[in-house]
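Engineer: Take this structure, written in structure tokens, and hold onto it; I'll ask about it next.
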Amino acid sequence: MDTLLSVSVAILAGLLMTRLSRLAKLPAVTAYLVSGVLIGPYCLGAFGINHLGFNSFDQVEALGLASDIALGFIAFSIGSEFRVKDLKAIGKQATVVGIVQALVATVLVDLALFVFHMVRPDILSVSQVLTLGAIATATAPAATLMVVREYKAKGPLTSILLPVVALDDAVGLVVFAVSFGIAKTLVVGDLDMVSILVNPLVEIVASLSLGAAMGWVLTQMEKLFNSNTNRLNMTIAFVFLTVALSLAEFHIGPVTVGFSSLLVCMMLGTVFCNCCPLSEDLMYLADKWSSPLLALFFVLCGAELDLGVFASGSIVLVGVVYILFRSAGKYIGAWASATATHCPASTCKYLGITLLPQAGVALGMCTTAMELGSEGALIRNITLFAVLIYELVGPLMTKLALTAAGDIQPMHEDVKNRRQLKLAAAGETEDPKDSGRRKFKLSASENVRATRQKAHQH
């Protein structure tokens, strides 16, 4: 009962907050995050009233399974953006941008924090500098996807954005493994080339292979059913199964074989959307089904944000440096690589802004960084500080960038078009927006009126 109450309170709080955020023209994902902060341990939860909010971070972590599943559906949806017919046009651009923007962010953060280390070695060590620089690669796919969905963004910027965000995860895994391996060597004094080079490559290959295999099996299983309802149920079950399998880990000698749930589910969606002729309809239905799950996910993300990091001046100082130079790295890297690959001017100008959100992947990296002992605690707190800022500001920046690029159309036009599309009856009328090229049916009353006028004329 406690779990169900917590879930219902979280979803209701997020939905009610969207009514207020609409007045400020903020994205729904920001409303979910803010509502999570409000019902989290530092606000309503601090009063200790059961079921009014989350009294502790342990209560939030108890719903971690919902977050894992939500991330699975998010990655599955992003995977659908890798259709072969579309990649022929933007595949090279997305690959170059995805790699360059991640590496530039790492280099700038490393340089800035190394200068900080030279000035204040008592606050920041070289191993911490390398680890934070690697964490800077990570971009949150969840917040980006939610903004794209909410505002039905469509255009050149959106087309390249989602593949870049997906590729960012693979690049981040490699960069983090190498940087963290070196950082761990500096702390422990033991150089482990398997952990630095072999394990991350094995994780990427294993994740893509598992996702591809699951996508092929899902495509074959869909053929057994004629009903879209049963096909949808099969799709949902496979996402659940894929998330479960991606949590497995085993060892082959000194090599650790693990999986990235994001990469596995992205590959599942990629293979499925390219092999199943009904994938587009099923993806749409799956997105509708998973909507409350994603709302819960972002509320939990907000509740997990640790406001206590503001109590330390050194964390805030390092966090500000990290945020400024990571943001500069993402923007400069995206702008330079997009320009070099001849992307549209609007994409070159605004792509970097849409890559600012940071959450789940970065938090996973900083959890691994806890292996550094006392040095890992500082890395975790700085990452939490950055995630707090990025998650609250990032979605709004993404919305503004997509709007400025023309990928988000003004809402009043969208409403007007939907009203015209709802005209239904026997007659037809022209859509003024299409200058007579598209026809729509008249309403029943308008059709009757037109018939009477013709009869009267005769």
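Just remember, in the structure tokens the first chain shown is A, the second B, etc., residues are 1-based per chain, and ligands are 1-based in the order shown.
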Can you write out as a tab-separated table which residues of region 267-358 of chain A fall within 12 Å of region 112-129 of chain A, alongside each residue's closest atom pair and its distance in Å to one decimal, counting only C-alpha atoms and ordering rows by chain and ascending residue number?

Structural biologist:
```
residue	atom	partner	partner_atom	distance
A:Ser312	CA	A:Ile123	CA	11.7
A:Gly313	CA	A:Ile123	CA	10.9
A:Ser314	CA	A:Ile123	CA	7.3
A:Ile315	CA	A:Ile123	CA	9.0
A:Val316	CA	A:Ile123	CA	11.9
A:Leu317	CA	A:Phe116	CA	10.0
A:Val318	CA	A:Leu113	CA	7.8
A:Gly319	CA	A:Leu113	CA	10.0
A:Val320	CA	A:Leu113	CA	10.7
A:Val321	CA	A:Ala112	CA	7.3
A:Tyr322	CA	A:Leu113	CA	7.4
A:Ile323	CA	A:Ala112	CA	10.7
A:Leu324	CA	A:Ala112	CA	9.6
A:Phe325	CA	A:Ala112	CA	7.0
A:Arg326	CA	A:Ala112	CA	9.6
A:Ala328	CA	A:Ala112	CA	11.2
A:Gly329	CA	A:Ala112	CA	10.9
```

Engineer: Store the residues picked out above in a file with C-alpha atoms, as an mmCIF file, in the first residue's frame.

Structural biologist:
```cif
data_model
loop_
_atom_site.group_PDB
_atom_site.id
_atom_site.type_symbol
_atom_site.label_atom_id
_atom_site.label_comp_id
_atom_site.auth_asym_id
_atom_site.auth_seq_id
_atom_site.Cartn_x
_atom_site.Cartn_y
_atom_site.Cartn_z
ATOM 1 C CA SER A 312 29.409 23.799 0.941
ATOM 2 C CA GLY A 313 31.061 26.824 -0.625
ATOM 3 C CA SER A 314 33.833 24.766 -2.251
ATOM 4 C CA ILE A 315 31.315 22.451 -3.932
ATOM 5 C CA VAL A 316 29.358 25.406 -5.263
ATOM 6 C CA LEU A 317 32.545 27.058 -6.560
ATOM 7 C CA VAL A 318 33.823 23.940 -8.347
ATOM 8 C CA GLY A 319 30.280 23.204 -9.533
ATOM 9 C CA VAL A 320 29.962 26.625 -11.145
ATOM 10 C CA VAL A 321 33.279 26.170 -12.971
ATOM 11 C CA TYR A 322 32.176 22.713 -14.112
ATOM 12 C CA ILE A 323 28.802 23.972 -15.381
ATOM 13 C CA LEU A 324 30.242 26.961 -17.237
ATOM 14 C CA PHE A 325 32.990 25.062 -19.037
ATOM 15 C CA ARG A 326 30.872 21.973 -19.761
ATOM 16 C CA ALA A 328 30.867 26.036 -23.330
ATOM 17 C CA GLY A 329 32.321 22.711 -24.458
#
```

Engineer: Can you pull out every residue within 9 Å of region 286-292 of chain A, counting only C-alpha atoms, but drop anything in the same chain fewer than 5 positions away, and send it as an mmCIF file with N, CA and C atoms, in the first residue's frame?

Structural biologist:
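Done, and the output landed in around_8.cif:
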```cif
data_model
loop_
_atom_site.group_PDB
_atom_site.id
_atom_site.type_symbol
_atom_site.label_atom_id
_atom_site.label_comp_id
_atom_site.auth_asym_id
_atom_site.auth_seq_id
_atom_site.Cartn_x
_atom_site.Cartn_y
_atom_site.Cartn_z
ATOM 1 N N ILE A 11 2.802 11.097 -9.044
ATOM 2 C CA ILE A 11 2.227 11.409 -10.361
ATOM 3 C C ILE A 11 1.252 12.572 -10.274
ATOM 4 N N ALA A 70 11.423 3.201 -16.951
ATOM 5 C CA ALA A 70 11.166 4.444 -17.699
ATOM 6 C C ALA A 70 12.332 4.765 -18.627
ATOM 7 N N PHE A 73 12.136 2.650 -21.742
ATOM 8 C CA PHE A 73 11.196 3.140 -22.757
ATOM 9 C C PHE A 73 11.718 4.395 -23.450
ATOM 10 N N ILE A 74 12.408 5.238 -22.708
ATOM 11 C CA ILE A 74 13.001 6.437 -23.310
ATOM 12 C C ILE A 74 14.043 6.041 -24.360
ATOM 13 N N SER A 77 12.404 4.564 -27.452
ATOM 14 C CA SER A 77 11.849 5.599 -28.331
ATOM 15 C C SER A 77 12.938 6.303 -29.130
ATOM 16 N N LEU A 232 1.111 -4.516 -29.161
ATOM 17 C CA LEU A 232 1.557 -3.529 -28.184
ATOM 18 C C LEU A 232 1.962 -4.211 -26.882
ATOM 19 N N ASN A 233 1.145 -5.163 -26.422
ATOM 20 C CA ASN A 233 1.478 -5.888 -25.201
ATOM 21 C C ASN A 233 2.811 -6.623 -25.347
ATOM 22 N N THR A 235 5.282 -5.729 -27.341
ATOM 23 C CA THR A 235 6.340 -4.716 -27.358
ATOM 24 C C THR A 235 6.702 -4.273 -25.952
ATOM 25 N N ILE A 236 5.685 -4.004 -25.139
ATOM 26 C CA ILE A 236 5.918 -3.571 -23.758
ATOM 27 C C ILE A 236 6.639 -4.659 -22.971
ATOM 28 N N ASP A 281 3.364 2.620 -35.890
ATOM 29 C CA ASP A 281 2.113 2.638 -35.120
ATOM 30 C C ASP A 281 2.334 2.122 -33.708
ATOM 31 N N PHE A 297 8.930 9.083 -13.419
ATOM 32 C CA PHE A 297 10.395 9.076 -13.489
ATOM 33 C C PHE A 297 10.971 10.456 -13.194
#
```

Engineer: Considering only C-alpha atoms, give me a table of residues in region 185-290 of chain A that are at most 12 Å from region 168-181 of chain A, with the closest atom pair and distance in Å for each, as CSV.

Structural biologist:
```
residue,atom,partner,partner_atom,distance
A:Thr185,CA,A:Gly181,CA,6.2
A:Leu186,CA,A:Gly181,CA,8.8
A:Val187,CA,A:Gly181,CA,10.0
A:Val188,CA,A:Gly181,CA,10.3
A:Gly189,CA,A:Gly181,CA,10.7
A:Asp190,CA,A:Gly181,CA,9.5
A:Leu191,CA,A:Gly181,CA,7.7
A:Asp192,CA,A:Gly181,CA,7.1
A:Met193,CA,A:Gly181,CA,7.9
A:Val194,CA,A:Gly181,CA,9.2
A:Ser195,CA,A:Gly181,CA,6.4
A:Ile196,CA,A:Val178,CA,4.6
A:Leu197,CA,A:Val178,CA,6.5
A:Val198,CA,A:Ala177,CA,9.3
A:Asn199,CA,A:Ala177,CA,8.0
A:Pro200,CA,A:Val174,CA,5.6
A:Leu201,CA,A:Val174,CA,7.0
A:Val202,CA,A:Val174,CA,10.2
A:Glu203,CA,A:Leu173,CA,8.6
A:Ile204,CA,A:Ala170,CA,6.8
A:Val205,CA,A:Ala170,CA,10.0
A:Ala206,CA,A:Ala170,CA,12.0
A:Ser207,CA,A:Ala170,CA,9.9
A:Leu208,CA,A:Ala170,CA,10.0
A:Gly258,CA,A:Leu173,CA,11.8
A:Phe259,CA,A:Leu173,CA,10.7
A:Ser260,CA,A:Leu173,CA,8.8
A:Ser261,CA,A:Asp169,CA,10.5
A:Leu262,CA,A:Asp169,CA,7.7
A:Leu263,CA,A:Ala170,CA,7.3
A:Val264,CA,A:Ala170,CA,10.8
A:Met266,CA,A:Asp169,CA,10.4
A:Met267,CA,A:Ala170,CA,11.7
```

Engineer: Measure the distance from CA of Ala338 (chain A) to CA of Val97 (chain A) in Å and round it to one decimal.

Structural biologist: 6.1 Å

Engineer: If we count only C-alpha atoms, what is near region 347-354 of chain A at a cut-off of 9 Å, once residues fewer than 6 positions away on the same chain are taken out, given as a ChimeraX atom specification?

Structural biologist: /A:101,144,156-158,160-161,327-339,394-395,397-402,404-405

Engineer: Using only N, CA and C atoms, please write the residues we just selected to a file, as an mmCIF file, in the first residue's frame.

Structural biologist:
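Generated output (selection-v3.cif):
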```cif
data_model
loop_
_atom_site.group_PDB
_atom_site.id
_atom_site.type_symbol
_atom_site.label_atom_id
_atom_site.label_comp_id
_atom_site.auth_asym_id
_atom_site.auth_seq_id
_atom_site.Cartn_x
_atom_site.Cartn_y
_atom_site.Cartn_z
ATOM 1 N N GLN A 101 31.383 16.919 -29.879
ATOM 2 C CA GLN A 101 30.854 17.725 -28.773
ATOM 3 C C GLN A 101 31.160 17.094 -27.419
ATOM 4 N N THR A 144 15.493 15.641 -22.926
ATOM 5 C CA THR A 144 15.435 16.083 -24.329
ATOM 6 C C THR A 144 14.254 15.469 -25.057
ATOM 7 N N PRO A 156 15.017 20.103 -38.951
ATOM 8 C CA PRO A 156 16.430 19.702 -39.083
ATOM 9 C C PRO A 156 17.146 19.532 -37.738
ATOM 10 N N LEU A 157 16.882 20.435 -36.796
ATOM 11 C CA LEU A 157 17.548 20.355 -35.499
ATOM 12 C C LEU A 157 17.105 19.119 -34.733
ATOM 13 N N THR A 158 15.806 18.856 -34.702
ATOM 14 C CA THR A 158 15.287 17.689 -33.991
ATOM 15 C C THR A 158 15.784 16.397 -34.622
ATOM 16 N N ILE A 160 18.594 15.669 -36.049
ATOM 17 C CA ILE A 160 19.969 15.315 -35.688
ATOM 18 C C ILE A 160 20.159 15.234 -34.173
ATOM 19 N N LEU A 161 19.295 15.911 -33.420
ATOM 20 C CA LEU A 161 19.458 15.983 -31.970
ATOM 21 C C LEU A 161 19.364 14.616 -31.309
ATOM 22 N N SER A 327 29.175 23.600 -20.373
ATOM 23 C CA SER A 327 28.221 24.242 -21.288
ATOM 24 C C SER A 327 28.949 24.821 -22.488
ATOM 25 N N ALA A 328 30.087 25.472 -22.225
ATOM 26 C CA ALA A 328 30.867 26.036 -23.330
ATOM 27 C C ALA A 328 31.376 24.933 -24.248
ATOM 28 N N GLY A 329 31.818 23.824 -23.658
ATOM 29 C CA GLY A 329 32.321 22.711 -24.458
ATOM 30 C C GLY A 329 31.251 22.094 -25.329
ATOM 31 N N LYS A 330 30.073 21.901 -24.777
ATOM 32 C CA LYS A 330 28.960 21.327 -25.552
ATOM 33 C C LYS A 330 28.590 22.257 -26.705
ATOM 34 N N TYR A 331 28.511 23.543 -26.408
ATOM 35 C CA TYR A 331 28.098 24.493 -27.448
ATOM 36 C C TYR A 331 29.168 24.626 -28.534
ATOM 37 N N ILE A 332 30.409 24.853 -28.126
ATOM 38 C CA ILE A 332 31.486 25.034 -29.107
ATOM 39 C C ILE A 332 31.695 23.767 -29.928
ATOM 40 N N GLY A 333 31.695 22.615 -29.255
ATOM 41 C CA GLY A 333 31.889 21.352 -29.961
ATOM 42 C C GLY A 333 30.781 21.079 -30.964
ATOM 43 N N ALA A 334 29.537 21.335 -30.556
ATOM 44 C CA ALA A 334 28.404 21.106 -31.460
ATOM 45 C C ALA A 334 28.425 22.097 -32.621
ATOM 46 N N TRP A 335 28.712 23.365 -32.313
ATOM 47 C CA TRP A 335 28.738 24.392 -33.365
ATOM 48 C C TRP A 335 29.838 24.105 -34.394
ATOM 49 N N ALA A 336 31.033 23.799 -33.915
ATOM 50 C CA ALA A 336 32.164 23.573 -34.824
ATOM 51 C C ALA A 336 31.946 22.338 -35.693
ATOM 52 N N SER A 337 31.503 21.235 -35.076
ATOM 53 C CA SER A 337 31.317 20.000 -35.845
ATOM 54 C C SER A 337 30.118 20.089 -36.777
ATOM 55 N N ALA A 338 29.055 20.767 -36.347
ATOM 56 C CA ALA A 338 27.892 20.935 -37.217
ATOM 57 C C ALA A 338 28.236 21.822 -38.410
ATOM 58 N N THR A 339 29.029 22.847 -38.162
ATOM 59 C CA THR A 339 29.464 23.722 -39.257
ATOM 60 C C THR A 339 30.362 22.968 -40.238
ATOM 61 N N GLY A 394 17.927 23.118 -18.003
ATOM 62 C CA GLY A 394 18.148 22.484 -19.298
ATOM 63 C C GLY A 394 16.917 22.310 -20.170
ATOM 64 N N PRO A 395 15.804 21.753 -19.633
ATOM 65 C CA PRO A 395 14.611 21.573 -20.473
ATOM 66 C C PRO A 395 14.078 22.886 -21.046
ATOM 67 N N MET A 397 15.873 25.587 -21.693
ATOM 68 C CA MET A 397 16.814 25.997 -22.730
ATOM 69 C C MET A 397 16.603 25.192 -24.014
ATOM 70 N N THR A 398 16.318 23.904 -23.854
ATOM 71 C CA THR A 398 16.043 23.057 -25.021
ATOM 72 C C THR A 398 14.807 23.534 -25.752
ATOM 73 N N LYS A 399 13.776 23.861 -24.989
ATOM 74 C CA LYS A 399 12.545 24.367 -25.611
ATOM 75 C C LYS A 399 12.806 25.668 -26.364
ATOM 76 N N LEU A 400 13.520 26.587 -25.742
ATOM 77 C CA LEU A 400 13.793 27.878 -26.380
ATOM 78 C C LEU A 400 14.632 27.697 -27.643
ATOM 79 N N ALA A 401 15.607 26.772 -27.591
ATOM 80 C CA ALA A 401 16.464 26.536 -28.758
ATOM 81 C C ALA A 401 15.663 25.936 -29.911
ATOM 82 N N LEU A 402 14.817 24.957 -29.612
ATOM 83 C CA LEU A 402 13.993 24.330 -30.659
ATOM 84 C C LEU A 402 13.001 25.325 -31.243
ATOM 85 N N ALA A 404 13.464 28.681 -31.356
ATOM 86 C CA ALA A 404 14.232 29.639 -32.155
ATOM 87 C C ALA A 404 14.663 29.032 -33.487
ATOM 88 N N ALA A 405 14.904 27.721 -33.498
ATOM 89 C CA ALA A 405 15.306 27.049 -34.734
ATOM 90 C C ALA A 405 14.131 26.778 -35.660
#
```

Engineer: For each of A:Leu103, A:Ala66, A:Ile382, A:Glu150, take the minimum atom-to-atom distance to Ala134 (chain A), counting only C-alpha atoms, then give the residue where this is smallest.

Structural biologist: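 Among the listed residues, the smallest separation from Ala134 (chain A) belongs to A:Leu103.
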
Engineer: What are the closest atom pairs, with distances in Å to one decimal, for each residue of region 124-231 of chain A lying within 9 Å of region 22-34 of chain A, using only C-alpha atoms, rows by chain and rising residue number, as a tab-separated table?

Structural biologist:
```
residue	atom	partner	partner_atom	distance
A:Ala143	CA	A:Val29	CA	6.6
A:Met146	CA	A:Val29	CA	6.7
A:Val147	CA	A:Pro27	CA	6.6
A:Glu150	CA	A:Ala28	CA	7.5
A:Tyr151	CA	A:Pro27	CA	8.6
```
